[in-house]
Amino acid sequence: MRQGLVRWAALGLVLGSTVLAGMAQVPPANSPTSASAIPQNALVQPADVAKMLQSGGKTVIFQVGSHLMFSQAHIPGAEYAGPDSQAVGLDLLASKVAALPKNALIVIYCGCCPWNRCPNMGPAYQRLLALGFTNVKAMYVASNFGDDWVGKGYPVEKGD
Amino acid sequence: MHKAAPVFVRHDLHGKRVSLRDERGKVVLLNFWATWCAPCQLELPRFVEWQQRYGPEGLEVIAVSMDDDAGPVRALIEKLKPGFPVVMGDERLGLEYGGILGLPVTYLIGRDGRVAARIAGESDLNDMKSKVVKLLGQRDR
């Protein structure tokens, strides 16, 4: 009886994993839309973005992930333009950059989850390139926005 | 850590009332997740398994979705049939738990209603399970 229960539990675990594996649309690491595929020279560290804010100039920054996370905390002055794992988010991003000159410095970030697991950064970066923008920087968030920005004491805003 | 876990009342996606206060005396695994979070998808089936196995010993899993919309969440739980409540999170609940600014995040809450552990990011699920089992062995004083 117990063996039967153990077998059913194991089957449930396998089936559950199979169901869920198909639902999280994270591009494979070698996919051009993976965050890991964003070239090194397009990456910018959180410390450098913090310095940009301190310099006082207007920096165009978009959070391209979860709106619920954006509303809890985001980089001051950043606009929400996501989620870029979905067409609706990519279209929102496109609409927000439509009036910008193609050589404008644009910083995108997410921080929903570890960098190589992020479903939003890669597609956002590729969309901006496809729109002709030549100065796109992706803020490298190794673990998550909480640890890599808020936890470092960098400034935050809340709400929309 | 070891502070009282912020209490909340929500309704799960089936409309059933879920109150953290009502779970006093049980060990609660409070998991913040989302359908777009790949590490979360690895954890959920394990939590389903743990609920089945340790539920009789007093484990209660509560999953809080941080998705912006309930649609994808409903679709997922229809397939997964987790056996534990799934509620939609919001900004207020996230902030009460210190800001949910990355996923997954799991709080282990002891039978006394106090936070025993906070586990963030891709975690060692065997280690998490050990923590759960240890908490289950501790009676509420």
# chains A, B, ... in the order shown; residues from 1 in each chain; ligands from 1
>>> interface_residues(of="chain B", to="chain A", cutoff="6 Å", atoms="only C-alpha atoms", output="ChimeraX atom specification")
/B:36,38,41,45,80,91,101-103
>>> write_last_selection(atoms="C-alpha atoms", output="JSON list (two decimals), in the first residue's frame")
[["chain", "number", "residue", "atom", "x", "y", "z"],
["B", 36, "TRP", "CA", 6.74, 33.46, -15.47],
["B", 38, "ALA", "CA", 11.29, 29.49, -14.00],
["B", 41, "GLN", "CA", 8.11, 26.20, -11.52],
["B", 45, "PRO", "CA", 5.67, 20.31, -7.69],
["B", 80, "LEU", "CA", -1.28, 21.31, -11.38],
["B", 91, "GLU", "CA", 1.67, 45.47, -3.49],
["B", 101, "LEU", "CA", 11.46, 42.17, -5.21],
["B", 102, "GLY", "CA", 12.57, 38.95, -6.76],
["B", 103, "LEU", "CA", 11.23, 35.44, -6.97]]
>>> residues_around(residues="region 23-27 of chain B", least_positions_apart="3", cutoff="7 Å", atoms="only C-alpha atoms", output="JSON list (two decimals) with N, CA and C atoms, in the first residue's frame")
[["chain", "number", "residue", "atom", "x", "y", "z"],
["B", 20, "LEU", "N", -4.01, 33.55, 7.39],
["B", 20, "LEU", "CA", -2.79, 33.04, 8.00],
["B", 20, "LEU", "C", -3.00, 32.81, 9.49],
["B", 58, "GLY", "N", 0.78, 18.49, 9.94],
["B", 58, "GLY", "CA", 0.56, 19.89, 10.28],
["B", 58, "GLY", "C", 1.19, 20.90, 9.34],
["B", 59, "LEU", "N", 1.62, 20.47, 8.16],
["B", 59, "LEU", "CA", 2.15, 21.42, 7.19],
["B", 59, "LEU", "C", 1.01, 22.02, 6.36],
["B", 60, "GLU", "N", 1.06, 23.32, 6.17],
["B", 60, "GLU", "CA", 0.11, 24.00, 5.28],
["B", 60, "GLU", "C", 0.92, 24.86, 4.33],
["B", 109, "ILE", "N", 7.08, 29.43, 8.43],
["B", 109, "ILE", "CA", 6.49, 30.00, 9.64],
["B", 109, "ILE", "C", 6.18, 28.87, 10.61],
["B", 110, "GLY", "N", 6.70, 29.00, 11.82],
["B", 110, "GLY", "CA", 6.54, 27.94, 12.81],
["B", 110, "GLY", "C", 5.13, 27.88, 13.36],
["B", 111, "ARG", "N", 4.91, 26.87, 14.17],
["B", 111, "ARG", "CA", 3.58, 26.67, 14.76],
["B", 111, "ARG", "C", 3.19, 27.84, 15.67],
["B", 112, "ASP", "N", 4.20, 28.59, 16.11],
["B", 112, "ASP", "CA", 3.93, 29.73, 16.97],
["B", 112, "ASP", "C", 3.62, 31.00, 16.18],
["B", 113, "GLY", "N", 3.57, 30.87, 14.85],
["B", 113, "GLY", "CA", 3.24, 32.02, 14.02],
["B", 113, "GLY", "C", 4.41, 32.93, 13.74],
["B", 135, "LEU", "N", 10.80, 21.84, 11.72],
["B", 135, "LEU", "CA", 9.74, 22.66, 12.31],
["B", 135, "LEU", "C", 8.52, 21.82, 12.67],
["B", 136, "LEU", "N", 8.23, 20.83, 11.87],
["B", 136, "LEU", "CA", 7.08, 19.97, 12.15],
["B", 136, "LEU", "C", 7.28, 19.20, 13.44],
["B", 140, "ASP", "N", 4.00, 23.51, 19.34],
["B", 140, "ASP", "CA", 3.71, 24.89, 19.73],
["B", 140, "ASP", "C", 3.66, 24.98, 21.25]]
>>> select_by_dssp(residues="region 90-138 of chain A", states="strand (DSSP E)", output="PyMOL selection string")
chain A and resi 106-109+136-138
>>> residues_around(residues="Ile106 (chain A)", least_positions_apart="6", cutoff="9 Å", atoms="only C-alpha atoms", output="CSV table (one decimal) with N, CA and C atoms, in the first residue's frame")
chain,number,residue,atom,x,y,z
A,59,THR,N,18.1,60.4,-17.1
A,59,THR,CA,18.4,59.1,-17.7
A,59,THR,C,17.2,58.4,-18.0
A,60,VAL,N,17.0,57.9,-19.2
A,60,VAL,CA,15.9,57.1,-19.6
A,60,VAL,C,16.0,55.7,-19.2
A,61,ILE,N,15.1,55.3,-18.2
A,61,ILE,CA,15.2,54.0,-17.7
A,61,ILE,C,13.9,53.3,-17.7
A,62,PHE,N,13.8,52.1,-18.1
A,62,PHE,CA,12.6,51.3,-18.2
A,62,PHE,C,12.8,50.0,-17.4
A,97,VAL,N,9.2,54.4,-26.3
A,97,VAL,CA,10.5,54.9,-26.9
A,97,VAL,C,10.3,55.5,-28.3
A,133,PHE,N,17.5,51.4,-32.1
A,133,PHE,CA,18.2,52.1,-31.1
A,133,PHE,C,19.6,51.6,-31.0
A,135,ASN,N,22.0,52.7,-28.6
A,135,ASN,CA,22.7,53.0,-27.3
A,135,ASN,C,21.9,52.4,-26.2
A,136,VAL,N,21.6,51.1,-26.2
A,136,VAL,CA,20.8,50.4,-25.2
A,136,VAL,C,21.7,49.7,-24.2
A,137,LYS,N,21.5,50.0,-22.9
A,137,LYS,CA,22.2,49.4,-21.9
A,137,LYS,C,21.3,48.5,-21.0
A,138,ALA,N,21.7,47.3,-20.7
A,138,ALA,CA,20.9,46.4,-19.8
A,138,ALA,C,21.6,46.4,-18.5
>>> residues_around(residues="Pro39 (chain B)", least_positions_apart="4", cutoff="7 Å", atoms="only C-alpha atoms", output="VMD selection string")
chain B and resid 43 104 122
>>> write_last_selection(atoms="N, CA and C atoms", output="compact mmCIF listing (two decimals), in the first residue's frame")
# COMPACT_ATOMS: atom_id res chain seq x y z
N GLU B 43 9.98 24.51 -8.05
CA GLU B 43 9.64 24.33 -6.63
C GLU B 43 8.22 23.80 -6.44
N PRO B 104 11.89 33.13 -6.66
CA PRO B 104 10.90 32.89 -5.61
C PRO B 104 11.39 33.32 -4.22
N GLU B 122 16.86 30.75 -6.20
CA GLU B 122 16.94 29.31 -6.45
C GLU B 122 17.56 28.65 -5.23
>>> residues_around(residues="Val18 (chain B)", least_positions_apart="5", cutoff="10 Å", atoms="only C-alpha atoms", output="PyMOL selection string")
chain B and resi 8-12+23+62+85-87
>>> select_by_dssp(residues="region 10-101 of chain B", states="helix (DSSP H, G or I)", output="number ranges by chain")
B: 21-23, 38-57, 71-80, 91-96
>>> write_last_selection(atoms="C-alpha atoms", output="short mmCIF file (atom, residue, chain, number, x, y, z; two decimals), in the first residue's frame")
data_model
loop_
_atom_site.label_atom_id
_atom_site.label_comp_id
_atom_site.auth_asym_id
_atom_site.auth_seq_id
_atom_site.Cartn_x
_atom_site.Cartn_y
_atom_site.Cartn_z
CA ARG B 21 -4.03 33.53 11.56
CA ASP B 22 -6.23 30.45 11.21
CA GLU B 23 -3.12 28.36 10.53
CA ALA B 38 11.29 29.49 -14.00
CA PRO B 39 12.82 28.62 -10.60
CA CYS B 40 9.33 28.83 -9.09
CA GLN B 41 8.11 26.20 -11.52
CA LEU B 42 10.74 23.81 -10.21
CA GLU B 43 9.64 24.33 -6.63
CA LEU B 44 5.88 24.04 -6.94
CA PRO B 45 5.67 20.31 -7.69
CA ARG B 46 7.87 19.66 -4.65
CA PHE B 47 5.55 21.75 -2.50
CA VAL B 48 2.62 19.74 -3.83
CA GLU B 49 4.44 16.59 -2.78
CA TRP B 50 5.28 17.99 0.66
CA GLN B 51 1.69 19.08 1.23
CA GLN B 52 0.52 15.56 0.49
CA ARG B 53 3.17 13.94 2.63
CA TYR B 54 3.39 16.31 5.58
CA GLY B 55 -0.10 17.76 5.63
CA PRO B 56 -1.24 15.18 8.17
CA GLU B 57 1.64 16.27 10.41
CA GLY B 71 -5.60 34.33 -15.88
CA PRO B 72 -2.29 32.49 -16.27
CA VAL B 73 -2.42 31.47 -12.60
CA ARG B 74 -5.83 29.87 -12.99
CA ALA B 75 -4.64 27.99 -16.05
CA LEU B 76 -1.63 26.66 -14.20
CA ILE B 77 -3.42 25.53 -11.05
CA GLU B 78 -6.10 23.87 -13.15
CA LYS B 79 -3.36 21.66 -14.54
CA LEU B 80 -1.28 21.31 -11.38
CA GLU B 91 1.67 45.47 -3.49
CA ARG B 92 0.43 45.68 0.09
CA LEU B 93 1.09 42.04 0.89
CA GLY B 94 4.46 42.24 -0.79
CA LEU B 95 5.44 45.25 1.29
CA GLU B 96 4.18 43.62 4.50
#
